[in-house]
>>> print(open('structure14.cif').read())   # mmCIF, C-alpha atoms
data_start
#
loop_
_atom_site.label_atom_id
_atom_site.label_comp_id
_atom_site.auth_asym_id
_atom_site.auth_seq_id
_atom_site.Cartn_x
_atom_site.Cartn_y
_atom_site.Cartn_z
CA MET V 41 25.96 4.97 -9.57
CA THR V 42 22.50 3.48 -9.09
CA ILE V 43 20.19 3.50 -12.11
CA VAL V 44 16.69 4.52 -11.02
CA ALA V 45 13.88 3.63 -13.42
CA ALA V 46 10.13 3.15 -13.32
CA ALA V 47 8.56 0.16 -15.07
CA ASP V 48 4.88 -0.14 -15.97
CA GLY V 49 2.41 -2.00 -18.16
CA SER V 50 -0.99 -1.31 -19.67
CA ALA V 51 -3.71 -3.36 -21.35
CA LEU V 52 -6.84 -1.86 -22.92
CA GLY V 53 -9.61 -4.18 -21.81
CA ASN V 54 -7.19 -6.45 -19.92
CA PRO V 55 -6.76 -8.56 -21.95
CA GLY V 56 -6.54 -6.45 -25.06
CA PRO V 57 -3.99 -4.31 -26.90
CA ALA V 58 -1.12 -4.13 -24.42
CA GLY V 59 1.91 -1.95 -23.84
CA TRP V 60 4.92 -1.76 -21.56
CA ALA V 61 7.53 0.86 -20.78
CA TRP V 62 10.44 1.70 -18.53
CA TYR V 63 11.55 5.28 -17.95
CA VAL V 64 14.67 6.93 -16.52
CA ASP V 65 14.34 10.39 -18.09
CA GLU V 66 13.33 12.01 -21.37
CA THR V 67 16.55 10.86 -23.03
CA CYS V 68 16.44 7.32 -21.65
CA TRP V 69 13.28 5.25 -21.95
CA ARG V 70 11.89 2.41 -24.00
CA ALA V 71 8.43 1.04 -24.80
CA GLY V 72 6.72 -1.69 -26.77
CA GLY V 73 3.74 -4.00 -26.66
CA TRP V 74 1.56 -6.55 -28.40
CA PRO V 75 -1.80 -6.63 -30.18
CA HIS V 76 -3.18 -8.76 -27.35
CA GLY V 77 -1.96 -9.10 -23.78
CA THR V 78 -2.64 -8.41 -20.11
CA ASN V 79 -1.53 -5.80 -17.59
CA ASN V 80 0.66 -8.37 -15.84
CA MET V 81 2.37 -9.30 -19.09
CA GLY V 82 3.13 -5.63 -19.69
CA GLU V 83 4.46 -5.09 -16.17
CA LEU V 84 6.72 -8.15 -16.43
CA MET V 85 7.96 -7.23 -19.90
CA ALA V 86 8.89 -3.71 -18.75
CA VAL V 87 11.05 -5.16 -15.98
CA LEU V 88 12.60 -7.75 -18.31
CA ASP V 89 13.47 -5.21 -20.99
CA LEU V 90 14.96 -2.86 -18.39
CA PHE V 91 17.36 -5.60 -17.28
CA LYS V 92 18.24 -6.47 -20.88
CA SER V 93 18.74 -2.82 -21.83
CA THR V 94 21.22 -2.35 -18.97
CA GLU V 95 23.24 -5.52 -19.50
CA HIS V 96 26.22 -3.48 -20.69
CA VAL V 97 26.31 -1.62 -17.33
CA ALA V 98 25.58 -4.68 -15.19
CA ASP V 99 27.94 -3.49 -12.45
CA GLU V 100 25.64 -0.54 -11.75
CA PRO V 101 22.90 -1.26 -9.18
CA LEU V 102 19.38 -1.05 -10.60
CA HIS V 103 16.54 0.45 -8.52
CA ILE V 104 13.13 -0.29 -10.05
CA LEU V 105 10.01 1.68 -9.16
CA CYS V 106 6.95 -0.50 -9.74
CA ASP V 107 3.27 -0.15 -8.87
CA SER V 108 2.53 -3.87 -9.30
CA GLN V 109 2.77 -5.93 -6.13
CA TYR V 110 2.23 -9.03 -8.27
CA VAL V 111 5.43 -8.33 -10.22
CA ILE V 112 7.49 -7.45 -7.15
CA ASN V 113 6.34 -10.52 -5.26
CA ALA V 114 6.77 -12.77 -8.30
CA VAL V 115 10.37 -11.67 -8.87
CA THR V 116 11.51 -11.31 -5.26
CA LYS V 117 9.51 -13.93 -3.37
CA TRP V 118 7.73 -16.53 -5.43
CA MET V 119 10.15 -17.49 -8.22
CA PRO V 120 12.57 -19.58 -6.09
CA GLY V 121 9.67 -21.73 -4.84
CA TRP V 122 8.17 -22.02 -8.31
CA LYS V 123 11.53 -23.18 -9.69
CA ARG V 124 11.93 -25.80 -6.96
CA LYS V 125 8.52 -27.16 -7.96
CA GLY V 126 9.40 -27.23 -11.67
CA TRP V 127 7.81 -23.83 -12.32
CA ARG V 128 4.53 -24.89 -10.75
CA LYS V 129 2.53 -23.24 -8.00
CA ALA V 130 1.77 -24.73 -4.61
CA ASP V 131 -1.41 -26.29 -6.01
CA GLY V 132 0.57 -28.02 -8.77
CA LYS V 133 -0.79 -25.85 -11.56
CA PRO V 134 1.60 -24.24 -14.08
CA VAL V 135 2.78 -20.73 -13.31
CA LEU V 136 1.15 -18.00 -15.41
CA ASN V 137 3.32 -15.87 -17.71
CA LEU V 138 5.93 -18.62 -17.54
CA GLU V 139 8.16 -17.54 -20.44
CA LEU V 140 8.43 -13.96 -19.22
CA LEU V 141 9.26 -15.12 -15.70
CA LYS V 142 11.91 -17.54 -16.94
CA ASP V 143 13.49 -14.77 -19.01
CA ILE V 144 13.50 -12.45 -15.99
CA ASP V 145 15.03 -15.19 -13.85
CA ALA V 146 17.88 -15.49 -16.36
CA ALA V 147 18.28 -11.72 -16.74
CA ILE V 148 18.64 -10.99 -13.00
CA ALA V 149 21.41 -13.55 -12.44
CA GLY V 150 24.44 -11.74 -11.08
CA ARG V 151 22.72 -8.35 -11.07
CA LYS V 152 22.42 -5.94 -8.15
CA TYR V 153 18.87 -4.66 -7.96
CA THR V 154 16.18 -3.39 -5.61
CA PHE V 155 12.45 -2.89 -6.05
CA GLU V 156 10.38 -0.10 -4.56
CA TRP V 157 6.59 -0.19 -4.60
CA VAL V 158 4.99 3.10 -5.62
CA LYS V 159 1.31 3.85 -5.75
CA GLY V 160 0.06 4.03 -9.32
CA HIS V 161 -1.76 7.08 -10.70
CA ALA V 162 -0.73 9.15 -7.69
CA GLY V 163 1.43 11.81 -9.33
CA HIS V 164 4.82 10.06 -9.01
CA ASP V 165 6.79 11.60 -11.88
CA LEU V 166 8.71 8.53 -13.06
CA ASN V 167 5.78 6.17 -12.60
CA GLU V 168 3.46 8.50 -14.48
CA ALA V 169 5.97 8.83 -17.33
CA ALA V 170 6.29 5.05 -17.65
CA ASP V 171 2.52 4.62 -17.43
CA ASP V 172 1.92 7.23 -20.15
CA ARG V 173 4.32 5.49 -22.52
CA ALA V 174 2.95 2.02 -21.80
CA ARG V 175 -0.58 3.26 -22.43
CA ASP V 176 0.53 5.03 -25.62
CA ALA V 177 2.03 1.76 -26.87
CA ALA V 178 -1.18 -0.13 -26.12
CA THR V 179 -3.19 2.58 -27.88
CA ALA V 180 -0.90 2.32 -30.91
CA TYR V 181 -1.50 -1.42 -31.18
CA GLN V 182 -5.23 -0.81 -30.81
CA ALA V 183 -5.00 1.56 -33.78
CA LYS V 184 -2.82 -0.95 -35.69
CA ARG V 185 0.17 1.36 -35.90
CA THR V 186 3.76 1.06 -34.71
CA PRO V 187 4.29 2.54 -31.24
CA ASN V 188 7.01 5.04 -30.36
CA ALA V 189 9.71 2.77 -28.92
CA GLY V 190 11.76 5.60 -27.42
CA PRO V 191 15.51 6.29 -27.46
CA GLY V 192 16.43 3.26 -25.36
CA PHE V 193 19.34 3.12 -22.91
CA PRO V 194 22.55 4.91 -24.02
CA CYS V 195 25.13 2.57 -25.54
CA SER V 196 22.82 -0.40 -25.07
CA GLY V 197 23.51 -3.52 -27.08
CA LEU V 198 19.99 -3.15 -28.48
CA SER V 199 20.31 -1.38 -31.81
CA SER V 200 17.94 1.34 -32.94
CA SER V 201 16.36 -1.12 -35.34
CA SER V 202 15.53 -3.41 -32.43
CA GLN V 203 13.75 -0.74 -30.45
CA SER V 204 10.37 -2.15 -31.41
CA SER V 205 8.73 -4.58 -29.03
CA PRO V 206 9.96 -8.17 -28.81
CA SER V 207 7.62 -10.87 -29.99
CA GLN V 208 4.55 -11.51 -27.92
CA PRO V 209 5.36 -14.19 -25.34
CA ASN V 210 3.60 -17.51 -25.56
CA THR V 211 1.18 -17.50 -22.65
CA ALA V 212 0.24 -21.15 -23.04
CA GLN V 213 1.52 -23.34 -20.25
CA PRO V 214 3.94 -25.96 -21.61
CA ASN V 215 5.29 -28.85 -19.63
CA ALA V 216 7.39 -27.55 -16.79
CA ASP V 217 11.17 -27.66 -17.02
CA PRO V 218 13.10 -29.67 -14.43
CA ALA V 219 13.34 -27.94 -11.10
CA GLY V 220 16.23 -25.54 -10.79
CA ALA V 221 18.03 -23.79 -7.99
CA ALA V 222 18.06 -20.06 -7.41
CA PRO V 223 20.23 -18.23 -9.95
CA GLY V 224 23.86 -18.52 -9.01
CA GLY V 225 25.60 -15.31 -8.08
CA SER V 226 22.48 -13.15 -7.94
CA THR V 227 22.39 -10.52 -5.26
CA PRO V 228 19.71 -10.91 -2.59
CA VAL V 229 16.93 -8.44 -3.24
CA ASP V 230 16.45 -5.48 -0.92
CA ILE V 231 12.80 -4.41 -0.79
CA ALA V 232 12.53 -0.69 -0.24
CA GLN V 233 9.25 -0.98 1.68
CA PRO V 234 9.49 -4.15 3.81
CA GLU V 235 6.16 -3.51 5.46
CA LEU V 236 4.48 -4.27 2.14
CA PHE V 237 6.07 -7.60 1.48
CA SER V 238 7.63 -9.06 4.63
CA MET V 239 5.83 -11.57 6.82
CA SER V 240 3.56 -10.08 9.45
CA ASP V 241 4.19 -11.03 13.09
CA ASP V 242 0.53 -11.49 13.87
CA ASP V 243 -0.81 -12.89 10.60
CA PRO V 244 0.55 -15.88 8.64
CA VAL V 245 0.25 -14.03 5.34
CA LEU V 246 2.09 -11.19 3.67
CA SER V 247 1.34 -7.74 5.00
CA ALA V 248 -0.41 -5.39 2.59
CA SER V 249 -0.12 -1.76 1.63
CA ARG V 250 -0.57 0.76 4.46
CA ASP V 251 -2.25 3.20 2.08
CA ASP V 252 -5.66 4.03 3.57
CA SER V 253 -6.89 6.00 0.54
CA LEU V 254 -10.01 4.91 -1.32
CA GLU V 255 -8.00 4.56 -4.52
CA ALA V 256 -6.04 1.75 -2.87
CA VAL V 257 -9.30 -0.18 -2.45
CA VAL V 258 -9.87 -0.17 -6.21
CA GLU V 259 -6.36 -1.45 -6.92
CA LEU V 260 -6.74 -4.25 -4.35
CA GLU V 261 -10.13 -5.21 -5.82
CA ARG V 262 -8.44 -5.46 -9.22
CA GLU V 263 -5.93 -7.82 -7.66
CA LEU V 264 -8.74 -10.08 -6.45
CA LEU V 265 -9.99 -10.33 -10.04
CA ASP V 266 -6.51 -11.23 -11.33
CA PRO V 267 -6.21 -14.98 -12.07
CA ALA V 268 -2.54 -14.94 -11.01
CA VAL V 269 -3.43 -13.50 -7.61
CA ARG V 270 -6.44 -15.76 -7.09
CA ALA V 271 -4.28 -18.78 -7.86
CA ASP V 272 -1.75 -17.78 -5.21
CA PRO V 273 -3.05 -18.85 -1.76
CA LEU V 274 -0.71 -16.52 0.15
CA ARG V 275 -1.73 -13.34 -1.65
CA ALA V 276 -5.42 -14.26 -1.80
CA ALA V 277 -5.49 -14.95 1.94
CA GLU V 278 -3.77 -11.62 2.54
CA LEU V 279 -6.62 -9.71 0.92
CA LEU V 280 -9.51 -11.45 2.74
CA HIS V 281 -10.52 -10.31 6.22
CA SER V 282 -10.52 -13.04 8.88
CA ASP V 283 -14.33 -12.74 9.05
CA PHE V 284 -14.81 -12.51 5.28
CA GLU V 285 -18.11 -13.72 3.82
CA GLU V 286 -19.47 -13.80 0.28
CA ILE V 287 -22.98 -14.28 -1.05
CA GLY V 288 -22.88 -15.84 -4.50
CA ALA V 289 -25.29 -15.46 -7.39
CA SER V 290 -27.10 -18.61 -6.21
CA GLY V 291 -27.77 -17.07 -2.82
CA ARG V 292 -25.30 -19.34 -1.07
CA ARG V 293 -23.15 -17.86 1.69
CA TRP V 294 -19.44 -18.67 1.45
CA SER V 295 -16.95 -18.48 4.32
CA ARG V 296 -13.37 -17.28 3.98
CA GLN V 297 -12.03 -20.83 4.07
CA GLU V 298 -14.52 -22.01 1.44
CA VAL V 299 -13.70 -19.13 -0.89
CA LEU V 300 -9.94 -19.67 -0.58
CA ALA V 301 -10.35 -23.37 -1.32
CA MET V 302 -12.63 -22.64 -4.28
CA ILE V 303 -10.55 -19.99 -6.03
CA SER V 304 -7.33 -22.00 -5.71
CA ASP V 305 -8.88 -24.69 -7.92
CA GLU V 306 -10.81 -22.55 -10.38
CA THR V 307 -9.78 -21.52 -13.87
CA VAL V 308 -10.84 -17.95 -14.56
CA ALA V 309 -10.34 -15.45 -17.36
CA GLU V 310 -9.12 -11.90 -16.92
CA HIS V 311 -11.83 -9.50 -15.71
CA SER V 312 -12.10 -5.78 -16.35
CA LEU V 313 -13.42 -3.50 -13.62
CA GLU V 314 -15.61 -0.41 -14.09
CA VAL V 315 -16.09 1.54 -10.85
CA LEU V 316 -19.70 2.60 -10.25
CA THR V 317 -19.47 4.05 -6.74
CA LEU V 318 -16.71 4.31 -4.15
CA ASP V 319 -17.63 5.71 -0.74
CA ARG V 320 -16.03 5.89 2.68
CA ILE V 321 -18.63 4.68 5.18
CA ASP V 322 -16.51 5.62 8.20
CA ASP V 323 -12.83 6.09 9.03
CA SER V 324 -12.06 2.39 8.52
CA THR V 325 -14.76 1.18 6.10
CA ALA V 326 -15.20 1.63 2.35
CA LEU V 327 -17.96 0.46 0.01
CA LEU V 328 -17.08 -0.25 -3.60
CA THR V 329 -19.65 -1.09 -6.27
CA TYR V 330 -18.53 -1.94 -9.78
CA ARG V 331 -19.23 -3.78 -12.99
CA SER V 332 -16.91 -6.64 -13.92
CA ASP V 333 -16.70 -7.89 -17.48
CA ALA V 334 -15.36 -11.27 -18.60
CA PRO V 335 -15.83 -13.49 -21.67
CA ARG V 336 -18.79 -15.24 -20.05
CA GLY V 337 -20.62 -11.99 -19.28
CA SER V 338 -20.76 -9.00 -17.00
CA ALA V 339 -21.77 -8.81 -13.34
CA LEU V 340 -22.66 -6.10 -10.84
CA ARG V 341 -20.62 -6.42 -7.66
CA SER V 342 -20.24 -4.79 -4.28
CA SER V 343 -17.45 -5.14 -1.73
CA ILE V 344 -17.06 -3.82 1.81
CA TRP V 345 -13.43 -3.17 2.73
CA LYS V 346 -12.10 -2.66 6.26
CA PHE V 347 -8.85 -0.87 7.13
CA VAL V 348 -7.43 -2.86 10.04
CA HIS V 349 -3.88 -3.16 11.41
CA GLY V 350 -2.61 -0.75 8.78
CA ARG V 351 -4.07 -2.45 5.70
CA TRP V 352 -7.24 -2.85 3.65
CA GLN V 353 -8.97 -6.24 3.63
CA VAL V 354 -12.28 -7.17 2.04
CA ARG V 355 -14.90 -8.05 4.68
CA PHE V 356 -17.88 -8.85 2.44
CA HIS V 357 -18.55 -9.38 -1.25
CA GLN V 358 -21.62 -10.03 -3.37
CA GLY V 359 -21.97 -10.38 -7.12
CA THR V 360 -24.98 -10.73 -9.44
CA PRO V 361 -24.83 -11.55 -13.17
CA GLU V 362 -26.04 -8.60 -15.22
CA ALA V 363 -29.05 -9.11 -17.43
#
>>> encode(input="structure14.cif", output="structure tokens")
Amino acid sequence: MTIVAAADGSALGNPGPAGWAWYVDETCWRAGGWPHGTNNMGELMAVLDLFKSTEHVADEPLHILCDSQYVINAVTKWMPGWKRKGWRKADGKPVLNLELLKDIDAAIAGRKYTFEWVKGHAGHDLNEAADDRARDAATAYQAKRTPNAGPGFPCSGLSSSSQSSPSQPNTAQPNADPAGAAPGGSTPVDIAQPELFSMSDDDPVLSASRDDSLEAVVELERELLDPAVRADPLRAAELLHSDFEEIGASGRRWSRQEVLAMISDETVAEHSLEVLTLDRIDDSTALLTYRSDAPRGSALRSSIWKFVHGRWQVRFHQGTPEA
């Protein structure tokens, strides 16, 4: 019998107090977190803990509902290449969230599992339940109290006393381990929505979500602010329209090729995003204005997104540091 569970993460401030959770039903869920972490750390930890919590029923297929394309792509597409390169990206830089990814790589060996992308904050019962518990855990750490860890998985090897969150992973990037092969005996992953993650016939990048709602634009803009996404040339290229242009704070105009080359070499901190306006200009165009906040200061930004060939891509972007 297939185990169906949603996995989600939350970070207040991103980075900030962080939580994670997986959820099967009211009698079977688990949550935890850290005083300081990121959304991606929470998403990865939820998936990792779900695999660990179901080790005693490893013969049962695991179907994971996840609203993070970063996590799905990292686990199902990017890890084999990272391992071949000694856990380094195509540009030679260390992979982010390395310890969590290595632990996931070990946990999935020999397991039967599938991932299904679900849209976050869209009323999906399991996803909403996992999101609520991840956010509650992050809120608990913000208030300096112990979060509700949940009942866990029945008959799991994790005792009730271990239901609190594991230690916060070390997010520093140590020297890479020697290159390794794909985990022996693991079952090839079946992606429930191949149009999201398979290669497009007419574009040498991964195809994106076919969700034409305005809320999808905000989630994709958040991806563009994510250092892990910006450091991945395949995903970054996927999000930029073929005619993309950007006008920087200096007044310089940047082409798509220049932006892709620049962001692959930059070192950036996590940004938060506060939506100011979100409007549909016409059937295939959306205008998003927002405030981004990072350690070096805040900025006011605007992006024009176009819905073409069944996906949103950013056509134009401009940002100005806020006084």
>>> resolve_selection(input="structure14.cif", expression="the PyMOL selection byres ((chain V and resi 325) around 9)", output="PDB file with C-alpha atoms, in the coordinates of the input")
ATOM      1  CA  ASP V 319     -17.630   5.710  -0.740  1.00  0.00           C
ATOM      2  CA  ARG V 320     -16.030   5.890   2.680  1.00  0.00           C
ATOM      3  CA  ILE V 321     -18.630   4.680   5.180  1.00  0.00           C
ATOM      4  CA  ASP V 322     -16.510   5.620   8.200  1.00  0.00           C
ATOM      5  CA  ASP V 323     -12.830   6.090   9.030  1.00  0.00           C
ATOM      6  CA  SER V 324     -12.060   2.390   8.520  1.00  0.00           C
ATOM      7  CA  ALA V 326     -15.200   1.630   2.350  1.00  0.00           C
ATOM      8  CA  LEU V 327     -17.960   0.460   0.010  1.00  0.00           C
ATOM      9  CA  ILE V 344     -17.060  -3.820   1.810  1.00  0.00           C
ATOM     10  CA  TRP V 345     -13.430  -3.170   2.730  1.00  0.00           C
ATOM     11  CA  LYS V 346     -12.100  -2.660   6.260  1.00  0.00           C
ATOM     12  CA  PHE V 347      -8.850  -0.870   7.130  1.00  0.00           C
ATOM     13  CA  TRP V 352      -7.240  -2.850   3.650  1.00  0.00           C
TER      14      TRP V 352
END
>>> resolve_selection(input="structure14.cif", expression="the PyMOL selection byres ((chain V and resi 354) around 6)", output="list in words")
Leu280, His281, Ile344, Trp345, Gln353, Arg355 and Phe356 of chain V
>>> atom_distance(input="structure14.cif", atom1="atom CA of Glu314 of chain V", atom2="atom CA of Tyr330 of chain V")
5.4 Å
>>> residues_near_point(input="structure14.cif", point="(-11.8, -7.9, -14.4)", cutoff="9 Å", atoms="only C-alpha atoms", output="number ranges by chain")
V: 53-54, 262-266, 309-314, 331-334
>>> atom_distance(input="structure14.cif", atom1="atom CA of Ala339 of chain V", atom2="atom CA of Ser108 of chain V")
25.1 Å
>>> atom_distance(input="structure14.cif", atom1="atom CA of Leu328 of chain V", atom2="atom CA of Glu261 of chain V")
8.8 Å
>>> resolve_selection(input="structure14.cif", expression="the PyMOL selection byres ((chain V and resi 76-79) around 8)", output="list in words")
Gly49, Ser50, Ala51, Asn54, Pro55, Gly56, Pro57, Ala58, Trp74, Pro75, Asn80, Met81, Gly82 and Glu83 of chain V
>>> residues_around(input="structure14.cif", residues="segment 160-163 of chain V", least_positions_apart="2", cutoff="9 Å", atoms="only C-alpha atoms", output="number ranges by chain")
V: 106-108, 158, 165-168, 171, 259
>>> residues_near_point(input="structure14.cif", point="(5.8, -14.5, -9.8)", cutoff="10 Å", atoms="only C-alpha atoms", output="VMD selection string")
chain V and resid 84 109 to 122 127 129 135 to 138 140 to 142 268 to 269 272
>>> residues_around(input="structure14.cif", residues="Arg70 of chain V", least_positions_apart="4", cutoff="9 Å", atoms="all atoms listed in the file", output="VMD selection string")
chain V and resid 60 to 63 86 89 to 90 93 170 173 188 to 193 203 to 204
>>> axis_aligned_box(input="structure14.cif", around="segment 71-83 of chain V", padding_each_side="3 Å", output="JSON")
{"center_x": 2.6, "center_y": -4.1, "center_z": -23.0, "size_x": 17.6, "size_y": 16.3, "size_z": 20.3}
>>> closest_residue(input="structure14.cif", among="V:Thr317, V:Ser282, V:Gln182, V:Thr154", to="His103 of chain V", atoms="only C-alpha atoms")
V:Thr154
>>> closest_residue(input="structure14.cif", among="V:Met41, V:Phe155, V:Pro194, V:Ala183", to="Trp69 of chain V", atoms="all atoms listed in the file")
V:Pro194
>>> closest_residue(input="structure14.cif", among="V:Ser253, V:Ala301, V:Ile144, V:Glu100", to="Arg270 of chain V", atoms="only C-alpha atoms")
V:Ala301
>>> closest_residue(input="structure14.cif", among="V:Val348, V:Leu274, V:Ala71, V:Val64", to="Arg175 of chain V", atoms="all atoms listed in the file")
V:Ala71
>>> residues_around(input="structure14.cif", residues="Ser295 of chain V", least_positions_apart="4", cutoff="7 Å", atoms="all atoms listed in the file", output="VMD selection string")
chain V and resid 284 to 286 299
>>> closest_residue(input="structure14.cif", among="V:Asp48, V:Ala256, V:His357, V:Asp176", to="Arg293 of chain V", atoms="only C-alpha atoms")
V:His357
